[in-house]
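Trainee: Once you've had a glance at the structure underneath, I'll fire off some questions.
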Amino acid sequence: MNIIDELQEIYKEAEDLISNVKKESQLDDTKNLFIGKKGKLSLISKKMGNLDIEERKQVGQKINEISENLEKLIIIKRDSIKDEELNLLLEREKFDVLQPRKHRESGTLHPITSVQMEVEDIFVSMGFEVMDGPEIETDYNNFEALNFTEDHPARDMQDTFYTDDGNLLRTHTSAIQVRALKILKPPFRIIAPGRVFRYEEIDASHENTFNQVEGMVVGKNISVANLTYTMNQLLSQIFNKETIVRLRPGYFPFVEPGFELDFQCMVCEGKGCSVCKHSGWVELLPCGLIHPNVLKFAGLDPEIWTGFAFGLGLDRLVMMRYGISDIRYFNSGNLRFLKKFL
Ligand code: FA5
């Protein structure tokens with residue numbers, strides 16, 4: 001067989017292989033096999049030394065022609081492989097934007113969140129603004145500006161977690177009172193819902209991570225009557241039925257006088273259970289008139305400005321609302337529990 005026929009054979013073989021290639025990587029291998037440095041065409045060109053000038057010219061032209069044609073075939077094949085891959089992908093990922101969705105289970109709001117939203121609505125309807133504050137607080141905002149001096153024994157009631165730089169996880173939303181007093185001009189009314197943290201042994205009614213809603217009203221001639229009216233409004237709207245509460249003195253360094261508003265336990269209807277520690281009552285809503293020192297810390301004259309504040313225990317309110325017998329359900333992620341609120 002002469003060299004030109006041999007080249008013709010090689011071309012035919014290459015053409016067949018290229019037309020059967022399925023993947024781009026195989027195409028590269030085929031290219032190397034024929035027109036690569038060690039490919040079949042270079043091997044042939046090594047034989048050209050034995051040919052005379054005229055034949056060498058002819059063979060050289062043929063090799064160039066074949067390798068140009070093979071290059072073109074490879075380009076065309078590469079494009080068609082890419083097109084095929086794209087079509088396949090489009091076929092696989094085809095979706096109809098107008099097709100009705102298959103039923104998929106959707107989540108719901110956590111009961112704490114939905115009751116918090118109700119509480120916010122009730123207060124907003126009474127002219128309160130909703131404020132927020134950070135969960136990591138300064139010692140000043142959480143304690144000092146609320147009249148807890150550094151060695152105040154009341155600090156022991158609210159132990160917490162401290163960061164290396166001396167800040168702490170806030171123990172109560174009362175820290176937002178301090179922020180409100182700094183940035184708002186009286187008269188004002190705010191509520192501030194949020195998550196709080198305590199270094200605490202947990203049981204049916206105590207968590208180390210729970211939620212409160214702080215409330216604060218600053219104005220002129222604010223009295224205990226304003227406070228109890230507001231608390232009654234909240235409770236009658238949340239429970240939509242007569243609730244039994246009791247008001248007793250309570251101590252917090254940042255209010256004077258201070259009260260504890262307790263709720264007759266709705267889990268056991270006052271008979272006694274693990275939620276109310278068998279007393280029939282649940283501590284829910286401590287409150288009081290703002291201590292003059294707190295107003296002074298914020299640069300307000302307590303002879304002119306007065307106010308009340310409260311700190312609602314949101315988890316316990318939700319427990320009373322739904323008769324939930326253990327606070328630990330809230331952070332448990334237990335779907336059987338959460339699905340009851342769908
Ligand atoms: C306070 O945190 C005060 N800052 C409340 C306050 C605000 C008083 C404004 C006066 C004026 P206390 O530690 O009692 O107070 O907590 C308030 C409410 O949070 C409690 O009545 C209770 O409902 C809830 N609470 C307290 N500790 C826990 C806990 N470990 N787990 C769940 N709820 C709790």
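Residue numbering restarts at 1 for every chain of the structure tokens, chains are lettered A, B, ... in their displayed order, and ligands are numbered from 1 as they appear.
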Would you mind listing what lies within 6 Å of region 119-132 of chain A as a count of residues only, with only C-alpha atoms counted and same-chain residues fewer than 5 positions away left out?
Mentor: 4
Trainee: So that I can see what lies close to Ser274 (chain A), please list as a PDB file with all heavy atoms, in the first residue's frame the residues with an atom at most 9 Å from it, counting only C-alpha atoms and leaving out residues fewer than 6 positions away in the same chain.
Mentor:
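Contents of selection34.pdb, freshly written:
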ATOM      1  N   ASP A 203     -36.543  23.330  85.395  1.00  0.00           N
ATOM      2  CA  ASP A 203     -37.604  22.414  85.827  1.00  0.00           C
ATOM      3  C   ASP A 203     -38.854  22.746  85.021  1.00  0.00           C
ATOM      4  O   ASP A 203     -38.751  23.440  83.999  1.00  0.00           O
ATOM      5  CB  ASP A 203     -37.831  22.509  87.350  1.00  0.00           C
ATOM      6  CG  ASP A 203     -38.238  23.901  87.800  1.00  0.00           C
ATOM      7  OD1 ASP A 203     -38.837  24.625  86.986  1.00  0.00           O
ATOM      8  OD2 ASP A 203     -37.985  24.265  88.960  1.00  0.00           O
ATOM      9  N   ALA A 204     -40.016  22.306  85.459  1.00  0.00           N
ATOM     10  CA  ALA A 204     -41.230  22.472  84.644  1.00  0.00           C
ATOM     11  C   ALA A 204     -41.569  23.935  84.353  1.00  0.00           C
ATOM     12  O   ALA A 204     -42.226  24.238  83.357  1.00  0.00           O
ATOM     13  CB  ALA A 204     -42.407  21.797  85.335  1.00  0.00           C
ATOM     14  N   SER A 205     -41.107  24.860  85.210  1.00  0.00           N
ATOM     15  CA  SER A 205     -41.450  26.267  84.954  1.00  0.00           C
ATOM     16  C   SER A 205     -40.224  27.179  84.843  1.00  0.00           C
ATOM     17  O   SER A 205     -40.353  28.396  84.750  1.00  0.00           O
ATOM     18  CB  SER A 205     -42.387  26.786  86.051  1.00  0.00           C
ATOM     19  OG  SER A 205     -41.782  26.599  87.313  1.00  0.00           O
ATOM     20  N   SER A 325     -47.882  21.871  80.257  1.00  0.00           N
ATOM     21  CA  SER A 325     -47.496  21.484  81.615  1.00  0.00           C
ATOM     22  C   SER A 325     -45.988  21.520  81.851  1.00  0.00           C
ATOM     23  O   SER A 325     -45.536  21.266  82.966  1.00  0.00           O
ATOM     24  CB  SER A 325     -48.002  20.073  81.902  1.00  0.00           C
ATOM     25  OG  SER A 325     -47.425  19.201  80.944  1.00  0.00           O
ATOM     26  N   ASP A 326     -45.185  21.814  80.845  1.00  0.00           N
ATOM     27  CA  ASP A 326     -43.736  21.841  81.063  1.00  0.00           C
ATOM     28  C   ASP A 326     -43.083  22.826  80.106  1.00  0.00           C
ATOM     29  O   ASP A 326     -43.224  22.712  78.885  1.00  0.00           O
ATOM     30  CB  ASP A 326     -43.149  20.429  80.845  1.00  0.00           C
ATOM     31  CG  ASP A 326     -41.790  20.295  81.490  1.00  0.00           C
ATOM     32  OD1 ASP A 326     -40.951  21.198  81.304  1.00  0.00           O
ATOM     33  OD2 ASP A 326     -41.574  19.299  82.209  1.00  0.00           O
TER      34      ASP A 326
END
Trainee: Write down as number ranges by chain the residues belonging to region 20-259 of chain A that are assigned strand (DSSP E or B) by DSSP computed on the backbone.
Mentor: A: 129-130, 136-137, 162, 168-169, 188-197, 203, 206, 209-219, 245-249, 255-259
Trainee: Check every protein, DNA and RNA residue against ligand 1, keep those with an atom at most 6 Å away (counting only C-alpha atoms and all ligand atoms), and present them as a short mmCIF file (atom, residue, chain, number, x, y, z; two decimals) with C-alpha atoms, in the first residue's frame.
Mentor:
data_model
loop_
_atom_site.label_atom_id
_atom_site.label_comp_id
_atom_site.auth_asym_id
_atom_site.auth_seq_id
_atom_site.Cartn_x
_atom_site.Cartn_y
_atom_site.Cartn_z
CA HIS A 172 -33.97 40.32 81.49
CA SER A 174 -35.22 45.42 81.47
CA SER A 205 -41.45 26.27 84.95
CA HIS A 206 -37.80 27.40 84.73
CA GLU A 207 -35.61 27.51 81.63
CA ASN A 208 -32.11 28.90 81.14
CA PHE A 210 -36.67 32.04 77.86
CA GLN A 212 -39.87 38.22 78.28
CA PHE A 252 -36.68 44.86 92.24
CA VAL A 255 -38.97 49.99 90.81
CA GLU A 283 -45.36 34.34 88.87
CA LEU A 284 -45.99 36.02 85.57
CA LEU A 285 -45.80 39.77 85.57
CA PRO A 286 -43.54 41.62 87.98
CA CYS A 287 -44.00 45.36 87.73
CA GLY A 288 -43.82 48.65 89.57
CA ALA A 309 -42.48 49.24 84.05
CA PHE A 310 -43.25 45.54 83.86
CA GLY A 311 -41.50 42.36 82.74
CA LEU A 312 -43.90 39.76 81.41
CA GLY A 313 -42.71 36.13 81.45
CA ARG A 316 -45.32 31.16 81.24
#
Trainee: Might you pull out every residue within 10 Å of Ile222 (chain A), with only C-alpha atoms counted and same-chain residues fewer than 3 positions away left off, and present them as a PDB file with N, CA and C atoms, in the first residue's frame?
Mentor:
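The resulting file, out_6.pdb, is reproduced below:
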ATOM      1  N   VAL A 217     -43.554  52.875  80.578  1.00  0.00           N
ATOM      2  CA  VAL A 217     -44.260  54.109  80.243  1.00  0.00           C
ATOM      3  C   VAL A 217     -43.613  55.222  81.048  1.00  0.00           C
ATOM      4  N   VAL A 218     -43.215  56.302  80.396  1.00  0.00           N
ATOM      5  CA  VAL A 218     -42.670  57.447  81.119  1.00  0.00           C
ATOM      6  C   VAL A 218     -43.507  58.665  80.745  1.00  0.00           C
ATOM      7  N   GLY A 219     -43.966  59.358  81.759  1.00  0.00           N
ATOM      8  CA  GLY A 219     -44.786  60.552  81.502  1.00  0.00           C
ATOM      9  C   GLY A 219     -44.949  61.324  82.792  1.00  0.00           C
ATOM     10  N   ALA A 225     -52.454  53.020  89.363  1.00  0.00           N
ATOM     11  CA  ALA A 225     -53.745  52.798  88.691  1.00  0.00           C
ATOM     12  C   ALA A 225     -53.525  52.625  87.187  1.00  0.00           C
ATOM     13  N   ASN A 226     -52.617  53.441  86.595  1.00  0.00           N
ATOM     14  CA  ASN A 226     -52.310  53.288  85.157  1.00  0.00           C
ATOM     15  C   ASN A 226     -51.708  51.920  84.884  1.00  0.00           C
ATOM     16  N   LEU A 227     -50.849  51.502  85.805  1.00  0.00           N
ATOM     17  CA  LEU A 227     -50.176  50.208  85.648  1.00  0.00           C
ATOM     18  C   LEU A 227     -51.186  49.063  85.670  1.00  0.00           C
ATOM     19  N   LEU A 289     -43.538  51.022  89.847  1.00  0.00           N
ATOM     20  CA  LEU A 289     -43.270  52.380  89.373  1.00  0.00           C
ATOM     21  C   LEU A 289     -41.758  52.567  89.278  1.00  0.00           C
ATOM     22  N   ILE A 290     -41.331  53.246  88.235  1.00  0.00           N
ATOM     23  CA  ILE A 290     -39.885  53.362  87.977  1.00  0.00           C
ATOM     24  C   ILE A 290     -39.186  54.075  89.151  1.00  0.00           C
ATOM     25  N   TRP A 305     -40.785  63.747  86.038  1.00  0.00           N
ATOM     26  CA  TRP A 305     -41.142  62.543  85.262  1.00  0.00           C
ATOM     27  C   TRP A 305     -41.393  61.345  86.175  1.00  0.00           C
ATOM     28  N   THR A 306     -42.399  60.591  85.825  1.00  0.00           N
ATOM     29  CA  THR A 306     -42.711  59.364  86.577  1.00  0.00           C
ATOM     30  C   THR A 306     -42.961  58.265  85.541  1.00  0.00           C
ATOM     31  N   GLY A 307     -43.159  57.047  86.002  1.00  0.00           N
ATOM     32  CA  GLY A 307     -43.445  55.999  85.013  1.00  0.00           C
ATOM     33  C   GLY A 307     -43.676  54.659  85.675  1.00  0.00           C
ATOM     34  N   PHE A 308     -44.130  53.713  84.866  1.00  0.00           N
ATOM     35  CA  PHE A 308     -44.210  52.342  85.364  1.00  0.00           C
ATOM     36  C   PHE A 308     -43.497  51.415  84.392  1.00  0.00           C
TER      37      PHE A 308
END
Trainee: How many Å separate CA of Val267 (chain A) from CA of Ile324 (chain A)?
Mentor: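 Between CA of Val267 (chain A) and CA of Ile324 (chain A) the gap works out to 6.7 Å.
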Trainee: Need the shell around region 164-168 of chain A: protein/DNA/RNA residues with any atom at most 6 Å away, counting only C-alpha atoms. Skip same-chain ones fewer than 5 positions apart. Format as a list in words?
Mentor: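 Everything that qualifies: Ile136, Glu137 and Thr138 of chain A.
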Trainee: Of the residues A:Lys220, A:Lys46, A:Lys102, A:His110, which is the one nearest to Phe337 (chain A), using only C-alpha atoms?
Mentor: A:His110
Trainee: Residues near Phe297 (chain A), anyone? I mean within 12 Å using only C-alpha atoms, not counting same-chain ones fewer than 2 positions away, as a tab-separated table (two decimals) with N, CA and C atoms, in the first residue's frame.
Mentor:
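And here's selection-v9.tsv as it stands now:
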chain	number	residue	atom	x	y	z
A	140	TYR	N	-23.48	47.40	82.62
A	140	TYR	CA	-24.12	48.68	82.95
A	140	TYR	C	-25.61	48.65	82.60
A	141	ASN	N	-25.92	48.24	81.35
A	141	ASN	CA	-27.34	48.25	80.93
A	141	ASN	C	-28.16	47.19	81.64
A	144	GLU	N	-26.23	47.84	86.35
A	144	GLU	CA	-25.87	49.06	87.06
A	144	GLU	C	-26.88	50.19	86.89
A	145	ALA	N	-27.27	50.45	85.63
A	145	ALA	CA	-28.19	51.56	85.38
A	145	ALA	C	-29.59	51.25	85.90
A	146	LEU	N	-29.79	49.98	86.31
A	146	LEU	CA	-31.10	49.61	86.88
A	146	LEU	C	-31.00	49.55	88.41
A	147	ASN	N	-29.99	50.28	88.91
A	147	ASN	CA	-29.89	50.44	90.36
A	147	ASN	C	-29.38	49.19	91.10
A	148	PHE	N	-28.80	48.24	90.32
A	148	PHE	CA	-28.12	47.12	90.99
A	148	PHE	C	-26.67	47.58	91.11
A	177	GLN	N	-34.98	48.91	78.83
A	177	GLN	CA	-35.46	50.15	79.47
A	177	GLN	C	-34.37	51.21	79.45
A	178	VAL	N	-33.14	50.75	79.78
A	178	VAL	CA	-32.01	51.68	79.87
A	178	VAL	C	-31.74	52.29	78.50
A	179	ARG	N	-31.80	51.43	77.47
A	179	ARG	CA	-31.58	51.93	76.10
A	179	ARG	C	-32.68	52.92	75.71
A	181	LEU	N	-34.48	54.80	77.67
A	181	LEU	CA	-34.32	56.07	78.39
A	181	LEU	C	-33.22	56.93	77.76
A	182	LYS	N	-32.22	56.24	77.15
A	182	LYS	CA	-31.12	56.98	76.53
A	182	LYS	C	-31.56	57.65	75.23
A	254	PHE	N	-35.06	48.44	90.66
A	254	PHE	CA	-35.34	49.53	89.72
A	254	PHE	C	-36.80	49.99	89.72
A	290	ILE	N	-41.33	53.25	88.24
A	290	ILE	CA	-39.89	53.36	87.98
A	290	ILE	C	-39.19	54.08	89.15
A	291	HIS	N	-38.10	53.46	89.61
A	291	HIS	CA	-37.36	54.02	90.75
A	291	HIS	C	-36.75	55.37	90.35
A	292	PRO	N	-36.82	56.38	91.24
A	292	PRO	CA	-36.25	57.70	90.90
A	292	PRO	C	-34.78	57.61	90.47
A	293	ASN	N	-34.01	56.68	91.05
A	293	ASN	CA	-32.59	56.58	90.68
A	293	ASN	C	-32.41	56.23	89.20
A	294	VAL	N	-33.31	55.38	88.70
A	294	VAL	CA	-33.20	54.97	87.29
A	294	VAL	C	-33.45	56.19	86.39
A	295	LEU	N	-34.43	57.01	86.78
A	295	LEU	CA	-34.71	58.21	86.00
A	295	LEU	C	-33.52	59.17	86.09
A	299	GLY	N	-30.73	61.00	83.35
A	299	GLY	CA	-30.74	62.46	83.24
A	299	GLY	C	-32.14	63.07	83.30
A	300	LEU	N	-33.13	62.31	83.82
A	300	LEU	CA	-34.48	62.87	83.94
A	300	LEU	C	-34.75	63.26	85.39
A	301	ASP	N	-35.49	64.33	85.56
A	301	ASP	CA	-35.79	64.81	86.90
A	301	ASP	C	-37.01	64.03	87.45
A	302	PRO	N	-36.80	63.20	88.51
A	302	PRO	CA	-37.92	62.41	89.03
A	302	PRO	C	-39.02	63.24	89.68
Trainee: I need the residue nearest Lys72 (chain A) from this list: A:His103, A:Arg195, A:Lys31, A:Lys94. Use only C-alpha atoms for the distance.
Mentor: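 Comparing A:His103, A:Arg195, A:Lys31, A:Lys94 against Lys72 (chain A), the winner is A:Lys31.
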Trainee: Interatomic distance between CA of Ile238 (chain A) and CA of Gly133 (chain A)?
Mentor: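 Value for the CA of Ile238 (chain A)-CA of Gly133 (chain A) distance: 24.4 Å.
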Trainee: If DSSP is run on the backbone, what residues of region 127-316 of chain A are helix (DSSP H, G or I)? A reply as an NGL selection string would be ideal.
Mentor: :A and (139-142 or 144-146 or 153-158 or 175-183 or 224-239 or 292-297 or 314-316)
